[in-house]
Every structure is written in structure tokens, then in C-alpha cells.
$ cat work_24.pdb   # PDB, C-alpha atoms, pLDDT in the B column
ATOM      1  CA  MET A   1     118.104  97.888-194.448  1.00 83.00           C
ATOM      2  CA  THR A   2     118.314  95.055-191.935  1.00 91.00           C
ATOM      3  CA  LEU A   3     121.642  93.606-190.828  1.00 94.00           C
ATOM      4  CA  PHE A   4     122.233  90.063-189.611  1.00 96.00           C
ATOM      5  CA  CYS A   5     125.303  89.418-187.521  1.00 96.00           C
ATOM      6  CA  GLY A   6     126.932  86.161-186.490  1.00 97.00           C
ATOM      7  CA  VAL A   7     129.530  86.067-183.731  1.00 97.00           C
ATOM      8  CA  ASP A   8     131.830  83.139-183.032  1.00 94.00           C
ATOM      9  CA  ASN A   9     133.095  84.421-179.720  1.00 90.00           C
ATOM     10  CA  GLY A  10     136.260  82.364-179.470  1.00 87.00           C
ATOM     11  CA  LYS A  11     139.533  84.244-179.419  1.00 85.00           C
ATOM     12  CA  HIS A  12     140.137  82.714-182.854  1.00 89.00           C
ATOM     13  CA  GLY A  13     136.510  83.368-183.816  1.00 93.00           C
ATOM     14  CA  GLY A  14     135.029  86.011-186.024  1.00 96.00           C
ATOM     15  CA  ILE A  15     132.310  88.563-186.634  1.00 97.00           C
ATOM     16  CA  ALA A  16     130.228  88.458-189.818  1.00 98.00           C
ATOM     17  CA  ILE A  17     127.469  90.765-191.023  1.00 97.00           C
ATOM     18  CA  ILE A  18     125.197  90.122-194.002  1.00 96.00           C
ATOM     19  CA  ASN A  19     122.229  92.018-195.416  1.00 94.00           C
ATOM     20  CA  GLU A  20     118.779  90.918-196.644  1.00 93.00           C
ATOM     21  CA  LYS A  21     120.300  89.829-199.954  1.00 95.00           C
ATOM     22  CA  GLU A  22     122.724  87.548-198.080  1.00 95.00           C
ATOM     23  CA  GLU A  23     125.607  89.739-199.232  1.00 96.00           C
ATOM     24  CA  ILE A  24     128.618  89.862-196.933  1.00 97.00           C
ATOM     25  CA  LEU A  25     129.020  93.384-195.573  1.00 96.00           C
ATOM     26  CA  MET A  26     131.703  92.561-193.026  1.00 96.00           C
ATOM     27  CA  LEU A  27     133.783  89.525-192.143  1.00 97.00           C
ATOM     28  CA  VAL A  28     136.602  90.015-189.657  1.00 97.00           C
ATOM     29  CA  PRO A  29     138.552  87.834-187.265  1.00 96.00           C
ATOM     30  CA  MET A  30     137.707  88.391-183.602  1.00 95.00           C
ATOM     31  CA  PRO A  31     139.662  91.505-182.563  1.00 95.00           C
ATOM     32  CA  VAL A  32     142.266  90.483-180.006  1.00 92.00           C
ATOM     33  CA  ILE A  33     145.334  91.888-178.314  1.00 93.00           C
ATOM     34  CA  GLU A  34     148.372  89.666-177.937  1.00 89.00           C
ATOM     35  CA  ILE A  35     150.429  90.300-174.832  1.00 86.00           C
ATOM     36  CA  GLY A  36     153.339  87.878-174.816  1.00 86.00           C
ATOM     37  CA  LYS A  37     151.755  84.432-175.066  1.00 82.00           C
ATOM     38  CA  ALA A  38     148.406  85.658-173.775  1.00 81.00           C
ATOM     39  CA  ILE A  39     145.556  86.572-176.108  1.00 84.00           C
ATOM     40  CA  ASP A  40     142.742  88.789-174.851  1.00 87.00           C
ATOM     41  CA  TYR A  41     139.741  90.358-176.506  1.00 89.00           C
ATOM     42  CA  ASP A  42     140.209  93.879-177.807  1.00 93.00           C
ATOM     43  CA  ILE A  43     136.948  95.066-176.218  1.00 93.00           C
ATOM     44  CA  LYS A  44     137.372  98.583-177.578  1.00 95.00           C
ATOM     45  CA  ALA A  45     137.733  97.315-181.176  1.00 96.00           C
ATOM     46  CA  ILE A  46     134.796  94.910-180.770  1.00 95.00           C
ATOM     47  CA  SER A  47     132.624  97.705-179.397  1.00 95.00           C
ATOM     48  CA  LYS A  48     133.654  99.996-182.254  1.00 96.00           C
ATOM     49  CA  ILE A  49     132.491  97.459-184.850  1.00 96.00           C
ATOM     50  CA  PHE A  50     129.001  97.516-183.367  1.00 94.00           C
ATOM     51  CA  CYS A  51     128.984 101.263-182.609  1.00 92.00           C
ATOM     52  CA  ASP A  52     129.860 102.026-186.226  1.00 91.00           C
ATOM     53  CA  LEU A  53     126.918 100.090-187.648  1.00 89.00           C
ATOM     54  CA  PRO A  54     124.318 102.290-189.322  1.00 83.00           C
ATOM     55  CA  ASP A  55     121.136 102.948-187.376  1.00 73.00           C
ATOM     56  CA  GLU A  56     119.340 100.047-188.980  1.00 77.00           C
ATOM     57  CA  ARG A  57     117.666  96.993-187.575  1.00 88.00           C
ATOM     58  CA  VAL A  58     120.415  94.708-186.347  1.00 91.00           C
ATOM     59  CA  TYR A  59     119.928  91.091-185.349  1.00 93.00           C
ATOM     60  CA  VAL A  60     122.792  89.280-183.636  1.00 95.00           C
ATOM     61  CA  CYS A  61     123.303  85.567-183.078  1.00 96.00           C
ATOM     62  CA  LEU A  62     126.047  84.820-180.565  1.00 96.00           C
ATOM     63  CA  GLU A  63     127.356  81.280-180.493  1.00 93.00           C
ATOM     64  CA  LYS A  64     126.843  79.627-177.122  1.00 91.00           C
ATOM     65  CA  SER A  65     130.063  78.548-175.450  1.00 79.00           C
ATOM     66  CA  PHE A  66     130.284  75.325-173.512  1.00 69.00           C
ATOM     67  CA  MET A  67     132.679  74.438-170.748  1.00 62.00           C
ATOM     68  CA  LEU A  68     134.120  70.961-171.068  1.00 61.00           C
ATOM     69  CA  PHE A  69     135.237  68.680-168.278  1.00 63.00           C
ATOM     70  CA  ARG A  70     138.377  67.772-170.237  1.00 67.00           C
ATOM     71  CA  ASN A  71     139.424  71.442-170.244  1.00 67.00           C
ATOM     72  CA  GLY A  72     141.380  72.779-167.344  1.00 71.00           C
ATOM     73  CA  CYS A  73     140.053  75.378-164.928  1.00 76.00           C
ATOM     74  CA  LYS A  74     141.806  78.242-166.715  1.00 74.00           C
ATOM     75  CA  ALA A  75     140.410  77.234-170.131  1.00 69.00           C
ATOM     76  CA  ASN A  76     136.879  76.964-168.761  1.00 67.00           C
ATOM     77  CA  TYR A  77     137.242  80.288-166.961  1.00 75.00           C
ATOM     78  CA  ASN A  78     138.301  81.912-170.260  1.00 76.00           C
ATOM     79  CA  ILE A  79     135.363  80.367-172.116  1.00 74.00           C
ATOM     80  CA  GLY A  80     132.924  81.832-169.587  1.00 77.00           C
ATOM     81  CA  TRP A  81     134.712  85.171-169.512  1.00 80.00           C
ATOM     82  CA  ASN A  82     134.619  85.450-173.330  1.00 83.00           C
ATOM     83  CA  MET A  83     130.884  84.770-173.402  1.00 85.00           C
ATOM     84  CA  GLY A  84     130.238  87.308-170.638  1.00 88.00           C
ATOM     85  CA  ALA A  85     132.411  89.934-172.333  1.00 90.00           C
ATOM     86  CA  MET A  86     130.424  89.650-175.571  1.00 92.00           C
ATOM     87  CA  GLU A  87     127.119  89.833-173.701  1.00 93.00           C
ATOM     88  CA  GLY A  88     128.452  92.879-171.854  1.00 94.00           C
ATOM     89  CA  VAL A  89     129.313  94.651-175.117  1.00 94.00           C
ATOM     90  CA  PHE A  90     125.850  93.986-176.556  1.00 94.00           C
ATOM     91  CA  SER A  91     124.101  95.008-173.350  1.00 93.00           C
ATOM     92  CA  ALA A  92     126.107  98.225-172.997  1.00 93.00           C
ATOM     93  CA  LEU A  93     125.348  99.155-176.611  1.00 92.00           C
ATOM     94  CA  GLU A  94     121.684  98.139-176.214  1.00 91.00           C
ATOM     95  CA  ILE A  95     121.915  95.607-179.049  1.00 91.00           C
ATOM     96  CA  SER A  96     119.533  92.693-178.675  1.00 89.00           C
ATOM     97  CA  TYR A  97     121.042  89.297-179.322  1.00 94.00           C
ATOM     98  CA  GLU A  98     120.146  85.635-179.332  1.00 95.00           C
ATOM     99  CA  ILE A  99     122.429  82.928-177.979  1.00 95.00           C
ATOM    100  CA  VAL A 100     122.517  79.946-180.331  1.00 96.00           C
ATOM    101  CA  ALA A 101     123.990  76.518-179.559  1.00 95.00           C
ATOM    102  CA  PRO A 102     126.412  75.341-182.259  1.00 94.00           C
ATOM    103  CA  GLN A 103     124.418  72.139-182.767  1.00 93.00           C
ATOM    104  CA  LEU A 104     121.301  74.183-183.562  1.00 95.00           C
ATOM    105  CA  TRP A 105     122.779  76.379-186.308  1.00 95.00           C
ATOM    106  CA  GLN A 106     124.882  73.519-187.686  1.00 94.00           C
ATOM    107  CA  LYS A 107     121.841  71.236-188.021  1.00 93.00           C
ATOM    108  CA  GLU A 108     120.095  73.832-190.160  1.00 93.00           C
ATOM    109  CA  ILE A 109     123.001  75.225-192.175  1.00 94.00           C
ATOM    110  CA  PHE A 110     124.618  71.844-192.910  1.00 92.00           C
ATOM    111  CA  GLN A 111     121.320  70.270-193.956  1.00 89.00           C
ATOM    112  CA  GLY A 112     122.007  67.875-196.836  1.00 83.00           C
ATOM    113  CA  ILE A 113     125.782  67.927-196.273  1.00 81.00           C
ATOM    114  CA  SER A 114     127.594  64.873-194.957  1.00 81.00           C
ATOM    115  CA  VAL A 115     129.391  66.217-191.887  1.00 77.00           C
ATOM    116  CA  VAL A 116     132.341  64.450-190.328  1.00 85.00           C
ATOM    117  CA  ASP A 117     134.195  67.536-189.087  1.00 89.00           C
ATOM    118  CA  THR A 118     132.060  70.612-188.376  1.00 90.00           C
ATOM    119  CA  LYS A 119     135.047  72.945-188.826  1.00 91.00           C
ATOM    120  CA  GLU A 120     135.706  71.650-192.345  1.00 92.00           C
ATOM    121  CA  ALA A 121     131.964  71.596-193.135  1.00 93.00           C
ATOM    122  CA  SER A 122     131.687  75.255-192.138  1.00 95.00           C
ATOM    123  CA  ILE A 123     134.555  76.290-194.410  1.00 94.00           C
ATOM    124  CA  MET A 124     133.225  74.163-197.287  1.00 92.00           C
ATOM    125  CA  PHE A 125     129.689  75.554-196.921  1.00 95.00           C
ATOM    126  CA  CYS A 126     130.904  79.166-196.975  1.00 96.00           C
ATOM    127  CA  LYS A 127     133.095  78.612-200.040  1.00 95.00           C
ATOM    128  CA  ARG A 128     130.115  77.159-201.903  1.00 93.00           C
ATOM    129  CA  LYS A 129     127.632  79.796-200.738  1.00 96.00           C
ATOM    130  CA  TRP A 130     129.985  82.760-201.202  1.00 97.00           C
ATOM    131  CA  PRO A 131     132.691  81.694-203.727  1.00 96.00           C
ATOM    132  CA  GLN A 132     134.494  85.047-203.435  1.00 95.00           C
ATOM    133  CA  VAL A 133     134.866  84.866-199.629  1.00 96.00           C
ATOM    134  CA  ASP A 134     138.339  85.048-198.114  1.00 94.00           C
ATOM    135  CA  LEU A 135     138.411  83.014-194.909  1.00 96.00           C
ATOM    136  CA  LYS A 136     142.149  83.254-194.351  1.00 94.00           C
ATOM    137  CA  VAL A 137     143.685  84.599-191.198  1.00 93.00           C
ATOM    138  CA  GLY A 138     147.398  84.637-191.804  1.00 89.00           C
ATOM    139  CA  ASN A 139     148.017  81.770-194.203  1.00 90.00           C
ATOM    140  CA  LYS A 140     145.347  79.441-192.787  1.00 93.00           C
ATOM    141  CA  GLU A 141     141.617  79.287-193.436  1.00 92.00           C
ATOM    142  CA  SER A 142     139.724  80.168-190.279  1.00 93.00           C
ATOM    143  CA  ASP A 143     136.788  78.082-189.120  1.00 94.00           C
ATOM    144  CA  GLY A 144     136.052  80.913-186.672  1.00 94.00           C
ATOM    145  CA  MET A 145     135.414  83.225-189.622  1.00 95.00           C
ATOM    146  CA  SER A 146     133.346  80.605-191.473  1.00 96.00           C
ATOM    147  CA  ASP A 147     131.348  79.777-188.329  1.00 96.00           C
ATOM    148  CA  SER A 148     130.515  83.462-187.817  1.00 97.00           C
ATOM    149  CA  LEU A 149     129.358  83.677-191.428  1.00 97.00           C
ATOM    150  CA  CYS A 150     127.190  80.566-191.007  1.00 97.00           C
ATOM    151  CA  LEU A 151     125.756  82.095-187.823  1.00 97.00           C
ATOM    152  CA  SER A 152     124.888  85.296-189.696  1.00 97.00           C
ATOM    153  CA  LEU A 153     122.973  83.217-192.262  1.00 97.00           C
ATOM    154  CA  TYR A 154     121.190  81.357-189.467  1.00 97.00           C
ATOM    155  CA  CYS A 155     120.349  84.757-187.947  1.00 96.00           C
ATOM    156  CA  PHE A 156     118.991  85.938-191.307  1.00 96.00           C
ATOM    157  CA  ARG A 157     116.777  82.862-191.663  1.00 94.00           C
ATOM    158  CA  HIS A 158     115.356  83.230-188.155  1.00 93.00           C
ATOM    159  CA  ASN A 159     114.715  86.957-188.222  1.00 88.00           C
ATOM    160  CA  GLY A 160     112.651  87.635-191.299  1.00 76.00           C
ATOM    161  CA  GLY A 161     114.860  86.354-194.095  1.00 66.00           C
ATOM    162  CA  GLN A 162     113.981  83.641-196.554  1.00 53.00           C
ATOM    163  CA  ALA A 163     115.372  80.140-196.015  1.00 44.00           C
ATOM    164  CA  LYS A 164     117.398  79.126-199.060  1.00 41.00           C
TER     165      LYS A 164
END

$ encode --input "work_24.pdb" --output "C-alpha cells"
Amino acid sequence: MTLFCGVDNGKHGGIAIINEKEEILMLVPMPVIEIGKAIDYDIKAISKIFCDLPDERVYVCLEKSFMLFRNGCKANYNIGWNMGAMEGVFSALEISYEIVAPQLWQKEIFQGISVVDTKEASIMFCKRKWPQVDLKVGNKESDGMSDSLCLSLYCFRHNGGQAK
């Protein structure tokens, strides 16, 4: 069996894994630790997710993070740190990965959909593609979870799967 993983590496992101039949095997919010008002990655929990995968072929698409001039220094530092932390996990576990710009996967996945807000488009696409999917984190639907699921489908299409 081949596994296709999409990772939205924001602290409110998610990790999704699908198989060759485009069935959802795993969909979880990004594991984090909250310390007061600070939110940090739970590196141990993230690593465990990937360590516990069966010894199958695994393809990973990691969403590329961009620093924005309108963000402050601390926000941009965190964006870079998050990206580096995810790359560090994959490198340490010897999992190959591809970094994919959001515009690239969105252009393909949202093909034929009128997109005003990419966050809403991602949620809408996932609900149509996988009607049984639960995208809620707390009482709110998570675009981080839907983005990771869309990334896993993009990964599937670009690593031997059939475009549908």
C-alpha cells in the first residue's frame, strides 16, 4: 500500500493521510502544546505520527510557508521555525518530502470552483469530496485540516495516483 500525506504546517494546521483509493486513513489537527498564551509544536507527537506509519511507501507534501512584510518579526520568525521543525522531523525519520506552494496545490485542487476565499474553498471541496469528513476542531471547522487533506490529494495525484 502507498500512503499520501499532506501537511499544513501552521500551528492551527493539520496532518492528513490518504491511500491509493483516496480513502482518509488519518486526519488530525497539528499536534501542539499550549503553555499559557504560547502555542508550540508537540514535536514528539508529530514524530510519533510518522514513526507509527506502516513500512509502506510514503509520499509527503509539506505546504510552503511564506513570510509576509505585514507580519511582525516574531510572527515571521515563528513561520520559519515551524517550516524548519517539520523539515527536521522528516529528515530525522528519513522520510522524503516535497515542499508545495499553496498557490500550486490550490490551482489544481480548486479547478472548476469559483474561489473567493481559499479557506472556505478548501472546506467546501473536502465536504464534497469526502461527505463523511469531520473538519471540526473544537466547535469550528478547521481550514488547516481541510488544507492538509487537499494537500494529501495533490500528493496522491503527483506521485502515481490518478487525477480525478

$ resolve_selection --input "work_24.pdb" --expression "the PyMOL selection byres ((chain A and resi 143) around 8)" --output "short mmCIF file (atom, residue, chain, number, x, y, z; two decimals) with C-alpha atoms, in the frame of the given file"
data_model
loop_
_atom_site.label_atom_id
_atom_site.label_comp_id
_atom_site.auth_asym_id
_atom_site.auth_seq_id
_atom_site.Cartn_x
_atom_site.Cartn_y
_atom_site.Cartn_z
CA GLY A 13 136.51 83.37 -183.82
CA LYS A 119 135.05 72.94 -188.83
CA GLU A 120 135.71 71.65 -192.34
CA SER A 122 131.69 75.26 -192.14
CA ILE A 123 134.56 76.29 -194.41
CA LEU A 135 138.41 83.01 -194.91
CA GLU A 141 141.62 79.29 -193.44
CA SER A 142 139.72 80.17 -190.28
CA GLY A 144 136.05 80.91 -186.67
CA MET A 145 135.41 83.22 -189.62
CA SER A 146 133.35 80.60 -191.47
CA ASP A 147 131.35 79.78 -188.33
#

$ closest_residue --input "work_24.pdb" --among "A:Asp117, A:Glu87, A:Glu34, A:Glu23" --to "Glu63 of chain A" --atoms "only C-alpha atoms"
A:Glu87

$ atom_distance --input "work_24.pdb" --atom1 "atom CA of Ile99 of chain A" --atom2 "atom CA of Met83 of chain A"
9.8 Å

$ closest_residue --input "work_24.pdb" --among "A:Arg57, A:Lys74, A:His12, A:Lys44" --to "Ile95 of chain A" --atoms "all atoms listed in the file"
A:Arg57

$ atom_distance --input "work_24.pdb" --atom1 "atom CA of Ile113 of chain A" --atom2 "atom CA of Glu20 of chain A"
24.0 Å

$ residues_around --input "work_24.pdb" --residues "Leu151 of chain A" --least-positions-apart "3" --cutoff "10 Å" --atoms "only C-alpha atoms" --output "PyMOL selection string"
chain A and resi 4-8+15-17+60-63+100+102+105-106+109+145-148+154-157

$ residues_near_point --input "work_24.pdb" --point "(124.9, 101.0, -185.8)" --cutoff "12 Å" --atoms "only C-alpha atoms" --output "PDB file with C-alpha atoms, in the coordinates of the input"
ATOM      1  CA  MET A   1     118.104  97.888-194.448  1.00 83.00           C
ATOM      2  CA  THR A   2     118.314  95.055-191.935  1.00 91.00           C
ATOM      3  CA  LEU A   3     121.642  93.606-190.828  1.00 94.00           C
ATOM      4  CA  PHE A   4     122.233  90.063-189.611  1.00 96.00           C
ATOM      5  CA  CYS A   5     125.303  89.418-187.521  1.00 96.00           C
ATOM      6  CA  ILE A  17     127.469  90.765-191.023  1.00 97.00           C
ATOM      7  CA  SER A  47     132.624  97.705-179.397  1.00 95.00           C
ATOM      8  CA  LYS A  48     133.654  99.996-182.254  1.00 96.00           C
ATOM      9  CA  ILE A  49     132.491  97.459-184.850  1.00 96.00           C
ATOM     10  CA  PHE A  50     129.001  97.516-183.367  1.00 94.00           C
ATOM     11  CA  CYS A  51     128.984 101.263-182.609  1.00 92.00           C
ATOM     12  CA  ASP A  52     129.860 102.026-186.226  1.00 91.00           C
ATOM     13  CA  LEU A  53     126.918 100.090-187.648  1.00 89.00           C
ATOM     14  CA  PRO A  54     124.318 102.290-189.322  1.00 83.00           C
ATOM     15  CA  ASP A  55     121.136 102.948-187.376  1.00 73.00           C
ATOM     16  CA  GLU A  56     119.340 100.047-188.980  1.00 77.00           C
ATOM     17  CA  ARG A  57     117.666  96.993-187.575  1.00 88.00           C
ATOM     18  CA  VAL A  58     120.415  94.708-186.347  1.00 91.00           C
ATOM     19  CA  TYR A  59     119.928  91.091-185.349  1.00 93.00           C
ATOM     20  CA  PHE A  90     125.850  93.986-176.556  1.00 94.00           C
ATOM     21  CA  LEU A  93     125.348  99.155-176.611  1.00 92.00           C
ATOM     22  CA  GLU A  94     121.684  98.139-176.214  1.00 91.00           C
ATOM     23  CA  ILE A  95     121.915  95.607-179.049  1.00 91.00           C
TER      24      ILE A  95
END

$ atom_distance --input "work_24.pdb" --atom1 "atom CA of Val137 of chain A" --atom2 "atom CA of Met124 of chain A"
16.0 Å

$ closest_residue --input "work_24.pdb" --among "A:Val32, A:Met86, A:Ala121, A:Leu27" --to "Asp134 of chain A" --atoms "only C-alpha atoms"
A:Leu27

$ resolve_selection --input "work_24.pdb" --expression "the PyMOL selection byres ((chain A and resi 65) around 9)" --output "PDB file with C-alpha atoms, in the frame of the given file"
ATOM      1  CA  ASN A   9     133.095  84.421-179.720  1.00 90.00           C
ATOM      2  CA  GLY A  10     136.260  82.364-179.470  1.00 87.00           C
ATOM      3  CA  GLU A  63     127.356  81.280-180.493  1.00 93.00           C
ATOM      4  CA  LYS A  64     126.843  79.627-177.122  1.00 91.00           C
ATOM      5  CA  PHE A  66     130.284  75.325-173.512  1.00 69.00           C
ATOM      6  CA  MET A  67     132.679  74.438-170.748  1.00 62.00           C
ATOM      7  CA  ILE A  79     135.363  80.367-172.116  1.00 74.00           C
ATOM      8  CA  GLY A  80     132.924  81.832-169.587  1.00 77.00           C
ATOM      9  CA  ASN A  82     134.619  85.450-173.330  1.00 83.00           C
ATOM     10  CA  MET A  83     130.884  84.770-173.402  1.00 85.00           C
ATOM     11  CA  ALA A 101     123.990  76.518-179.559  1.00 95.00           C
ATOM     12  CA  PRO A 102     126.412  75.341-182.259  1.00 94.00           C
TER      13      PRO A 102
END

$ closest_residue --input "work_24.pdb" --among "A:Ile33, A:Ile46, A:Trp81, A:Gly72" --to "Gly14 of chain A" --atoms "only C-alpha atoms"
A:Ile46

$ closest_residue --input "work_24.pdb" --among "A:Val89, A:Cys73, A:Ile18, A:Ile24" --to "Ile43 of chain A" --atoms "all atoms listed in the file"
A:Val89

$ build_atoms --input "work_24.pdb" --residues "segment 4-15 of chain A" --atoms "all heavy atoms" --output "CSV table (one decimal), keeping the file's coordinate frame"
chain,number,residue,atom,x,y,z
A,4,PHE,N,122.2,91.3,-190.3
A,4,PHE,CA,122.2,90.1,-189.6
A,4,PHE,C,123.7,89.7,-189.3
A,4,PHE,O,124.5,89.6,-190.2
A,4,PHE,CB,121.6,89.0,-190.5
A,4,PHE,CG,120.2,89.3,-190.9
A,4,PHE,CD1,120.0,90.0,-192.1
A,4,PHE,CD2,119.1,89.1,-190.1
A,4,PHE,CE1,118.7,90.4,-192.5
A,4,PHE,CE2,117.8,89.4,-190.5
A,4,PHE,CZ,117.6,90.1,-191.7
A,5,CYS,N,123.9,89.6,-188.0
A,5,CYS,CA,125.3,89.4,-187.5
A,5,CYS,C,125.5,88.1,-186.8
A,5,CYS,O,124.6,87.7,-186.0
A,5,CYS,CB,125.6,90.5,-186.5
A,5,CYS,SG,127.3,90.4,-185.9
A,6,GLY,N,126.6,87.4,-187.2
A,6,GLY,CA,126.9,86.2,-186.5
A,6,GLY,C,128.3,86.4,-185.8
A,6,GLY,O,129.2,86.9,-186.3
A,7,VAL,N,128.3,85.9,-184.5
A,7,VAL,CA,129.5,86.1,-183.7
A,7,VAL,C,130.0,84.7,-183.2
A,7,VAL,O,129.3,84.1,-182.4
A,7,VAL,CB,129.3,87.0,-182.6
A,7,VAL,CG1,130.6,87.2,-181.7
A,7,VAL,CG2,128.8,88.4,-183.1
A,8,ASP,N,131.1,84.3,-183.6
A,8,ASP,CA,131.8,83.1,-183.0
A,8,ASP,C,132.8,83.8,-182.0
A,8,ASP,O,133.7,84.4,-182.4
A,8,ASP,CB,132.6,82.4,-184.1
A,8,ASP,CG,133.4,81.2,-183.5
A,8,ASP,OD1,133.8,81.3,-182.3
A,8,ASP,OD2,133.7,80.3,-184.2
A,9,ASN,N,132.4,83.6,-180.7
A,9,ASN,CA,133.1,84.4,-179.7
A,9,ASN,C,134.4,83.8,-179.2
A,9,ASN,O,134.9,84.3,-178.2
A,9,ASN,CB,132.1,84.7,-178.6
A,9,ASN,CG,131.7,83.5,-177.8
A,9,ASN,OD1,132.2,82.4,-178.1
A,9,ASN,ND2,130.8,83.6,-176.9
A,10,GLY,N,135.0,82.9,-179.9
A,10,GLY,CA,136.3,82.4,-179.5
A,10,GLY,C,137.3,83.4,-179.8
A,10,GLY,O,137.1,84.3,-180.6
A,11,LYS,N,138.5,83.3,-179.1
A,11,LYS,CA,139.5,84.2,-179.4
A,11,LYS,C,140.1,84.1,-180.8
A,11,LYS,O,140.8,84.9,-181.3
A,11,LYS,CB,140.6,84.1,-178.3
A,11,LYS,CG,140.1,84.7,-177.0
A,11,LYS,CD,141.2,84.7,-175.9
A,11,LYS,CE,140.6,85.2,-174.7
A,11,LYS,NZ,141.5,85.0,-173.5
A,12,HIS,N,139.8,82.9,-181.4
A,12,HIS,CA,140.1,82.7,-182.9
A,12,HIS,C,138.9,82.7,-183.7
A,12,HIS,O,138.8,82.1,-184.8
A,12,HIS,CB,140.9,81.4,-183.0
A,12,HIS,CG,142.2,81.4,-182.3
A,12,HIS,ND1,143.3,82.1,-182.7
A,12,HIS,CD2,142.6,80.8,-181.1
A,12,HIS,CE1,144.3,82.0,-181.8
A,12,HIS,NE2,143.9,81.2,-180.8
A,13,GLY,N,137.8,83.3,-183.2
A,13,GLY,CA,136.5,83.4,-183.8
A,13,GLY,C,136.4,84.5,-184.8
A,13,GLY,O,137.4,84.9,-185.4
A,14,GLY,N,135.2,85.0,-185.0
A,14,GLY,CA,135.0,86.0,-186.0
A,14,GLY,C,133.7,86.7,-185.9
A,14,GLY,O,132.8,86.3,-185.1
A,15,ILE,N,133.5,87.8,-186.6
A,15,ILE,CA,132.3,88.6,-186.6
A,15,ILE,C,131.9,88.7,-188.1
A,15,ILE,O,132.8,89.2,-188.9
A,15,ILE,CB,132.5,89.9,-186.0
A,15,ILE,CG1,132.9,89.8,-184.5
A,15,ILE,CG2,131.2,90.8,-186.1
A,15,ILE,CD1,133.3,91.1,-183.8
